[in-house]
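Below is my_file-v2.cif, which holds mmCIF, C-alpha atoms.
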data_final
loop_
_atom_site.label_atom_id
_atom_site.label_comp_id
_atom_site.auth_asym_id
_atom_site.auth_seq_id
_atom_site.Cartn_x
_atom_site.Cartn_y
_atom_site.Cartn_z
CA MET A 1 0.00 0.00 0.00
CA ASP A 2 1.30 3.45 -0.92
CA THR A 3 1.45 5.44 2.31
CA ALA A 4 3.02 8.59 0.81
CA GLY A 5 0.62 11.53 0.48
CA PRO A 6 0.40 13.86 -2.52
CA LYS A 7 3.85 14.90 -3.72
CA ARG A 8 4.69 18.43 -2.49
CA PRO A 9 6.20 20.65 -5.15
CA THR A 10 9.75 21.83 -4.52
CA PRO A 11 9.90 25.51 -3.68
CA ILE A 12 10.68 28.02 -6.41
CA THR A 13 14.30 29.17 -6.17
CA THR A 14 15.33 32.81 -6.43
CA GLU A 15 17.16 32.00 -9.68
CA GLU A 16 13.99 30.54 -11.18
CA LEU A 17 12.07 33.62 -10.11
CA MET A 18 14.68 35.91 -11.71
CA ARG A 19 14.60 33.96 -14.98
CA TYR A 20 10.80 34.15 -14.96
CA LEU A 21 10.87 37.89 -14.29
CA ASP A 22 13.35 38.45 -17.12
CA GLY A 23 11.60 36.19 -19.60
CA GLU A 24 14.51 33.71 -19.66
CA SER A 25 12.67 30.62 -18.36
CA SER A 26 12.15 27.50 -20.42
CA PRO A 27 8.44 26.62 -21.04
CA GLU A 28 8.59 23.90 -18.34
CA GLU A 29 10.18 26.22 -15.81
CA ARG A 30 7.68 28.99 -16.61
CA GLU A 31 4.82 26.59 -16.00
CA ARG A 32 6.35 25.48 -12.70
CA VAL A 33 6.84 29.07 -11.50
CA GLU A 34 3.28 29.96 -12.48
CA ARG A 35 1.98 27.01 -10.49
CA GLY A 36 4.10 28.19 -7.56
CA LEU A 37 2.69 31.70 -7.90
CA GLU A 38 -0.87 30.42 -7.85
CA SER A 39 -0.30 28.75 -4.53
CA SER A 40 1.87 31.33 -2.74
CA THR A 41 0.94 34.92 -1.97
CA GLU A 42 4.46 35.36 -0.56
CA LEU A 43 5.94 34.55 -3.96
CA GLN A 44 3.41 36.81 -5.67
CA ARG A 45 4.42 39.69 -3.41
CA GLU A 46 8.10 39.08 -4.05
CA LEU A 47 7.57 39.01 -7.82
CA ALA A 48 5.50 42.22 -7.67
CA MET A 49 8.26 43.94 -5.72
CA TYR A 50 10.97 42.93 -8.21
CA ARG A 51 8.73 43.95 -11.11
CA ALA A 52 8.27 47.40 -9.55
CA LEU A 53 12.01 47.73 -9.01
CA LYS A 54 12.71 46.66 -12.59
CA SER A 55 10.25 49.17 -13.96
CA ASP A 56 11.67 52.00 -11.81
CA ILE A 57 15.21 51.36 -13.03
CA GLN A 58 14.02 51.24 -16.62
CA ASP A 59 12.33 54.59 -16.01
CA LEU A 60 15.59 56.36 -15.11
CA SER A 61 16.36 59.08 -17.61
CA PHE A 62 19.75 60.06 -18.99
CA PRO A 63 21.27 63.06 -20.71
CA PRO A 64 20.57 62.75 -24.44
CA VAL A 65 23.55 62.17 -26.72
CA ASN A 66 23.55 64.41 -29.79
CA ALA A 67 26.08 65.57 -32.37
CA ARG A 68 27.11 68.50 -30.12
CA ASN A 69 28.17 66.41 -27.14
CA SER A 70 29.24 63.29 -29.03
CA VAL A 71 32.64 61.82 -28.19
CA TRP A 72 33.39 61.10 -31.86
CA ASP A 73 35.56 64.22 -32.39
CA GLN A 74 37.84 63.34 -29.47
CA VAL A 75 37.96 59.68 -30.51
CA ASN A 76 38.77 60.62 -34.10
CA THR A 77 41.54 62.99 -32.98
CA ARG A 78 43.11 60.31 -30.79
CA LEU A 79 42.88 57.71 -33.56
CA ASN A 80 44.58 59.91 -36.12
CA ARG A 81 47.20 61.48 -33.86
CA PRO A 82 49.77 58.64 -34.27
CA PHE A 83 49.77 59.16 -38.06
CA GLY A 84 50.57 62.84 -37.51
CA TRP A 85 53.50 61.94 -35.25
CA ILE A 86 54.82 59.36 -37.68
CA LEU A 87 54.72 61.87 -40.56
CA LEU A 88 56.35 64.61 -38.47
CA ILE A 89 59.18 62.39 -37.19
CA SER A 90 59.79 60.85 -40.63
CA GLY A 91 59.98 64.32 -42.21
CA LEU A 92 62.40 65.54 -39.53
CA VAL A 93 64.66 62.49 -39.93
CA ILE A 94 64.73 62.90 -43.72
CA TRP A 95 65.60 66.61 -43.43
CA MET A 96 68.30 65.95 -40.82
CA VAL A 97 69.97 63.21 -42.87
CA TYR A 98 69.78 65.24 -46.06
CA GLY A 99 70.93 68.45 -44.30
CA SER A 100 73.86 66.64 -42.69
CA TRP A 101 74.93 65.15 -46.02
CA VAL A 102 74.69 68.50 -47.85
CA PHE A 103 76.58 70.23 -45.00
CA THR A 104 79.41 67.68 -44.78
CA THR A 105 79.93 67.62 -48.56
CA SER A 106 79.78 71.44 -48.89
CA ALA A 107 82.80 73.66 -49.53
CA ALA A 108 82.67 75.23 -46.02
CA SER A 109 85.92 75.29 -44.00
CA PRO A 110 86.54 72.36 -41.55
CA TRP A 111 86.35 74.74 -38.52
CA GLU A 112 82.97 75.98 -39.71
CA LYS A 113 81.77 72.38 -40.05
CA ILE A 114 83.11 71.35 -36.61
CA GLY A 115 81.54 74.39 -34.89
CA THR A 116 78.13 73.98 -36.53
CA GLY A 117 78.21 70.22 -35.97
CA ALA A 118 79.02 70.69 -32.26
CA ILE A 119 76.10 73.12 -31.82
CA ALA A 120 73.68 70.75 -33.60
CA ILE A 121 74.86 67.66 -31.67
CA GLY A 122 74.85 69.57 -28.35
CA MET A 123 71.26 70.75 -28.93
CA LEU A 124 70.11 67.24 -29.81
CA MET A 125 71.83 65.79 -26.71
CA LEU A 126 70.20 68.42 -24.45
CA LEU A 127 66.78 67.76 -25.99
CA ALA A 128 67.21 64.00 -25.57
CA SER A 129 68.27 64.36 -21.91
CA VAL A 130 65.26 66.59 -21.13
CA ILE A 131 62.86 64.08 -22.76
CA TRP A 132 64.55 61.17 -20.92
CA GLU A 133 64.33 62.99 -17.58
CA ARG A 134 60.66 63.85 -18.11
CA MET A 135 59.83 60.24 -18.97
CA ARG A 136 61.61 58.98 -15.84
CA GLU A 137 59.67 61.51 -13.72
CA LEU A 138 56.37 60.46 -15.25
CA GLU A 139 56.88 56.88 -14.09
CA THR A 140 57.08 57.91 -10.44
CA ASP A 141 55.01 61.11 -10.46
CA PRO A 142 52.19 60.60 -7.89
CA TYR A 143 50.19 63.44 -9.48
CA ARG A 144 50.35 62.20 -13.09
CA ASN A 145 46.62 61.31 -13.07
CA VAL A 146 45.51 64.59 -11.55
CA GLN A 147 43.75 66.72 -14.11
CA ARG A 148 44.03 70.49 -14.00
CA MET B 1 22.34 48.81 -36.82
CA GLN B 2 22.00 45.90 -39.26
CA ARG B 3 24.39 43.03 -38.67
CA GLN B 4 25.64 43.00 -42.28
CA LEU B 5 26.33 46.72 -42.31
CA GLU B 6 28.03 46.47 -38.94
CA LEU B 7 30.26 43.65 -40.19
CA GLU B 8 31.20 45.63 -43.29
CA LEU B 9 32.13 48.66 -41.17
CA ILE B 10 34.22 46.52 -38.82
CA ARG B 11 36.04 44.94 -41.79
CA LYS B 12 36.91 48.42 -43.12
CA CYS B 13 38.10 49.53 -39.68
CA LYS B 14 40.21 46.39 -39.36
CA ALA B 15 41.82 47.40 -42.66
CA GLY B 16 42.84 50.68 -41.01
CA GLN B 17 40.18 52.97 -42.48
CA SER B 18 39.25 54.84 -39.33
CA ARG B 19 36.60 57.02 -40.99
CA PHE B 20 34.34 53.94 -41.10
CA TYR B 21 34.46 53.82 -37.30
CA GLU B 22 32.25 56.91 -36.98
CA PRO B 23 28.89 55.14 -37.69
CA LEU B 24 29.78 52.48 -35.13
CA VAL B 25 30.61 55.11 -32.51
CA ARG B 26 27.41 57.02 -33.23
CA ALA B 27 25.33 53.82 -33.07
CA TYR B 28 26.72 52.59 -29.74
CA GLU B 29 27.25 55.96 -28.07
CA PRO B 30 23.78 56.45 -26.49
CA ALA B 31 23.69 52.95 -24.96
CA GLY B 32 27.35 53.23 -23.98
CA MET B 33 26.69 56.57 -22.32
CA ARG B 34 23.82 55.08 -20.30
CA LEU B 35 25.99 52.23 -19.08
CA ALA B 36 28.90 54.54 -18.30
CA ILE B 37 26.72 57.03 -16.39
CA ALA B 38 25.13 54.26 -14.41
CA MET B 39 28.55 52.89 -13.52
CA MET B 40 30.38 56.16 -12.93
CA GLY B 41 27.47 58.16 -11.54
CA ASN B 42 28.20 61.38 -13.39
CA ALA B 43 28.27 62.48 -17.01
CA GLU B 44 31.78 63.94 -16.92
CA ASP B 45 33.58 60.72 -15.93
CA ALA B 46 31.17 58.68 -18.06
CA LYS B 47 32.21 60.64 -21.14
CA ASP B 48 35.91 60.08 -20.40
CA ALA B 49 35.32 56.35 -19.90
CA LEU B 50 33.26 56.10 -23.07
CA GLN B 51 35.89 57.93 -25.11
CA MET B 52 38.67 55.67 -23.84
CA ALA B 53 36.55 52.58 -24.44
CA PHE B 54 35.95 53.52 -28.07
CA ILE B 55 39.69 54.10 -28.58
CA LYS B 56 40.59 50.78 -26.94
CA THR B 57 37.91 49.01 -28.99
CA TYR B 58 39.38 50.40 -32.21
CA ASP B 59 42.91 49.47 -31.17
CA THR B 60 41.87 45.88 -30.45
CA LEU B 61 39.69 45.48 -33.56
CA PRO B 62 42.38 43.46 -35.37
CA ARG B 63 41.84 40.74 -32.73
CA PHE B 64 38.04 40.91 -32.96
CA ASP B 65 36.39 37.70 -34.15
CA LEU B 66 33.86 38.65 -36.83
CA ARG B 67 31.63 35.70 -35.91
CA ARG B 68 30.93 37.30 -32.54
CA PRO B 69 28.46 40.16 -32.05
CA PHE B 70 30.12 43.56 -31.69
CA GLY B 71 27.79 44.99 -29.00
CA PRO B 72 28.64 42.70 -26.06
CA TRP B 73 32.33 42.90 -26.97
CA PHE B 74 32.28 46.72 -26.90
CA PHE B 75 30.31 46.78 -23.64
CA GLN B 76 32.83 44.40 -22.10
CA ILE B 77 35.63 46.86 -22.91
CA LEU B 78 33.54 49.79 -21.65
CA ARG B 79 32.69 47.99 -18.43
CA ASN B 80 36.37 47.21 -17.80
CA GLN B 81 37.29 50.81 -18.54
CA CYS B 82 34.70 52.09 -16.03
CA ARG B 83 35.96 49.65 -13.41
CA ASP B 84 39.58 50.67 -14.00
CA MET B 85 38.66 54.33 -13.64
CA LEU B 86 36.66 53.68 -10.48
CA ARG B 87 39.61 51.77 -9.05
CA SER B 88 42.06 54.54 -9.85
CA ARG B 89 42.08 57.89 -8.12
CA LYS B 90 40.64 59.58 -11.18
CA ALA B 91 37.01 58.83 -10.58
CA LYS B 92 34.60 57.96 -7.87
CA PHE B 93 30.94 57.06 -8.23
CA THR B 94 29.15 60.29 -7.51
CA THR B 95 25.67 61.39 -8.42
CA GLU B 96 26.34 65.03 -7.57
CA ALA B 97 26.23 66.48 -11.05
CA LEU B 98 23.77 64.05 -12.53
CA ASP B 99 20.33 65.22 -11.50
CA GLU B 100 20.55 68.67 -13.02
CA ARG B 101 21.61 67.17 -16.35
CA LEU B 102 18.88 64.58 -16.53
CA GLU B 103 16.72 64.77 -19.56
CA GLN B 104 13.25 66.09 -18.76
CA ARG B 105 10.59 63.90 -20.30
CA PRO B 106 7.58 65.70 -21.85
CA ALA B 107 5.24 63.35 -19.97
CA ASP B 108 6.69 64.57 -16.66
CA VAL B 109 5.93 68.19 -17.51
CA GLU B 110 2.35 67.36 -18.49
CA ARG B 111 1.70 65.67 -15.15
CA GLY B 112 2.22 68.89 -13.22
CA PRO B 113 4.92 70.21 -10.91
CA GLU B 114 3.89 68.13 -7.88
CA ARG B 115 4.04 64.87 -9.81
CA MET B 116 7.35 65.94 -11.34
CA ARG B 117 8.81 66.66 -7.92
CA GLU B 118 7.68 63.25 -6.68
CA ARG B 119 9.15 61.50 -9.68
CA ASN B 120 12.44 63.37 -9.36
CA ALA B 121 12.61 62.53 -5.67
CA ALA B 122 11.99 58.86 -6.44
CA LYS B 123 14.66 58.89 -9.14
CA GLU B 124 17.12 60.58 -6.83
CA LEU B 125 16.46 57.92 -4.23
CA LEU B 126 17.00 55.19 -6.80
CA TRP B 127 20.31 56.75 -7.87
CA ARG B 128 21.39 56.88 -4.24
CA GLY B 129 20.41 53.25 -3.86
CA LEU B 130 22.45 52.35 -6.93
CA GLU B 131 25.36 54.30 -5.48
CA LYS B 132 25.15 52.29 -2.27
CA ILE B 133 25.08 48.81 -3.77
CA GLY B 134 28.53 48.98 -5.37
CA THR B 135 29.90 48.39 -8.86
CA GLU B 136 29.39 44.61 -9.04
CA HIS B 137 25.66 44.84 -8.42
CA ARG B 138 25.19 48.07 -10.33
CA GLU B 139 26.75 46.88 -13.57
CA ILE B 140 24.59 43.76 -13.89
CA LEU B 141 21.42 45.73 -13.17
CA VAL B 142 22.31 48.28 -15.80
CA LEU B 143 23.08 45.65 -18.42
CA LYS B 144 19.78 43.89 -17.79
CA GLU B 145 17.34 46.69 -17.07
CA LEU B 146 18.71 49.59 -19.08
CA GLU B 147 20.30 47.83 -22.03
CA GLY B 148 18.02 44.80 -22.08
CA PHE B 149 20.78 42.26 -22.72
CA ARG B 150 19.94 38.55 -22.63
CA TYR B 151 21.54 36.40 -19.94
CA SER B 152 23.96 34.90 -22.48
CA GLU B 153 25.14 38.36 -23.51
CA ILE B 154 25.49 39.52 -19.90
CA ALA B 155 27.59 36.44 -19.19
CA GLN B 156 29.85 37.34 -22.09
CA ILE B 157 30.20 40.99 -21.05
CA LEU B 158 30.86 40.22 -17.39
CA GLU B 159 32.99 37.18 -18.22
CA ILE B 160 30.99 34.88 -15.94
CA PRO B 161 29.22 31.55 -16.58
CA GLU B 162 25.69 31.99 -17.95
CA GLY B 163 24.31 29.88 -15.11
CA THR B 164 25.35 32.45 -12.51
CA VAL B 165 23.64 35.46 -14.15
CA ALA B 166 20.24 34.80 -12.51
CA SER B 167 21.82 34.46 -9.09
CA ARG B 168 23.96 37.60 -9.56
CA LEU B 169 20.83 39.49 -10.65
CA TYR B 170 18.94 38.28 -7.60
CA HIS B 171 21.69 39.47 -5.25
CA ALA B 172 21.90 42.84 -7.02
CA ARG B 173 18.12 43.38 -6.90
CA HIS B 174 17.96 42.25 -3.32
CA ALA B 175 20.81 44.61 -2.35
CA LEU B 176 19.11 47.52 -4.13
CA ARG B 177 15.81 46.79 -2.46
CA GLN B 178 17.54 46.65 0.91
CA ALA B 179 19.35 49.94 0.23
CA LEU B 180 16.03 51.59 -0.68
CA VAL B 181 14.30 50.19 2.38
CA ASP B 182 17.16 51.51 4.52
CA MET B 183 16.46 54.94 3.04
CA ASN B 184 12.77 54.57 3.97
CA ALA B 185 11.57 54.03 0.42
CA GLU B 186 8.40 51.96 0.20
CA TYR B 187 8.34 48.86 -1.93
CA PRO B 188 5.48 46.38 -2.09
#

Once you've parsed the file, please lay out its structure as structure tokens.
Amino acid sequence: MDTAGPKRPTPITTEELMRYLDGESSPEERERVERGLESSTELQRELAMYRALKSDIQDLSFPPVNARNSVWDQVNTRLNRPFGWILLISGLVIWMVYGSWVFTTSAASPWEKIGTGAIAIGMLMLLASVIWERMRELETDPYRNVQR
Amino acid sequence: MQRQLELELIRKCKAGQSRFYEPLVRAYEPAGMRLAIAMMGNAEDAKDALQMAFIKTYDTLPRFDLRRPFGPWFFQILRNQCRDMLRSRKAKFTTEALDERLEQRPADVERGPERMRERNAAKELLWRGLEKIGTEHREILVLKELEGFRYSEIAQILEIPEGTVASRLYHARHALRQALVDMNAEYP
């Protein structure tokens, strides 16, 4: 003789309730949750509360995005900046190599060449040391992320 | 945006033609801005995060698998950018500047000043609640409720198993409800 009474349904889990609320349940799960809702006012109240919360979040308004405040201009500038640098540096290198070749093969006196060469090399070395120093400082600067 | 058109634009961008990136930016900017504002709490930081996310997305396009949808991939980068900014000293979730910039809906105006005040107060409370629950909870709520992503897409964006999305959503909603109750907001 079967002594067990009617089989009690297993309670609806919070995950099942969330999937039901978000329309992600399978047909079988949906049916099970709906049966659970029919028999539990507690579950009905919980679902109503989460529905209200969902609707309130969806009702939040945001600043509209239009052409005037779009980020495209800044993005475009940042995307194309490397090409500008590459062109500038390539141009400078070409001019320096060409200028050096013209200067060294010119008819100027050796003293003139040594003096001008020393000035040019000295300026380049100073510039390089300043850039190097600045880069080293940037690595350890605690205020590098502070915007003015 | 149509999938085919989107794919074509991505292919051109992958080939280095950055001018074809503009329609993609324009198409994803409003949704991106909503996610960024909800994560950062103010329009200023949200704009910075969005800008950086679009640049990073473009830079990583050569690695993008064309069989995957672009949206979740972009939102994953944006979400990581927002989190990085929140972690750094540069930004902190703050709703200070947000309320005055909120778009006024015509329906609100029609309902009269009293109703508008009530609605604004309720929204302010909700923002404060979102502020209280922390980034983890906030981001999943935004992806689900504001952007309407499916669980599978949320799992991809947040880099978590799909099976845990429902549970994460439950904890986020529960935390928000608790935060609102703590602020004396009434929920059924």

Nearby residues (all atoms listed in the file) at most 10 Å from Glu153 in chain B, same-chain spacing under 2 positions excluded, as a list in words: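 Residues near the query, excluding close chain neighbours: Pro69, Gly71, Pro72, Trp73, Phe75, Gln76, Leu143, Lys144, Gly148, Phe149, Arg150, Tyr151, Ala155, Gln156, Ile157, Leu158, Glu159, Glu162 and Val165 of chain B.
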
Interface list for chain B, partner chain A, 9 Å threshold, all atoms listed in the file, as number ranges by chain: B: 18-19, 21-22, 25-26, 29-30, 33-34, 37, 43, 47-48, 50-52, 54-55, 58-59, 88-90, 98, 101-105, 122-123, 126-127, 141-142, 144-147, 150-151, 164-170, 173-174, 176-177, 187-188

Atom-to-atom span, CA of Val33 in chain A and CA of Ile12 in chain A, Å: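 Calculated distance between CA of Val33 in chain A and CA of Ile12 in chain A is 6.5 Å.
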
Atomic distance CA of Phe64 in chain B - CA of Leu35 in chain B, expressed in Å with one decimal: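 CA of Phe64 in chain B sits 21.6 Å away from CA of Leu35 in chain B.
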
Point-to-point distance from CA of Met96 in chain A to CA of Thr116 in chain A, Å rounded to tenths: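 Rounded to one decimal, the two atoms are 13.4 Å apart.
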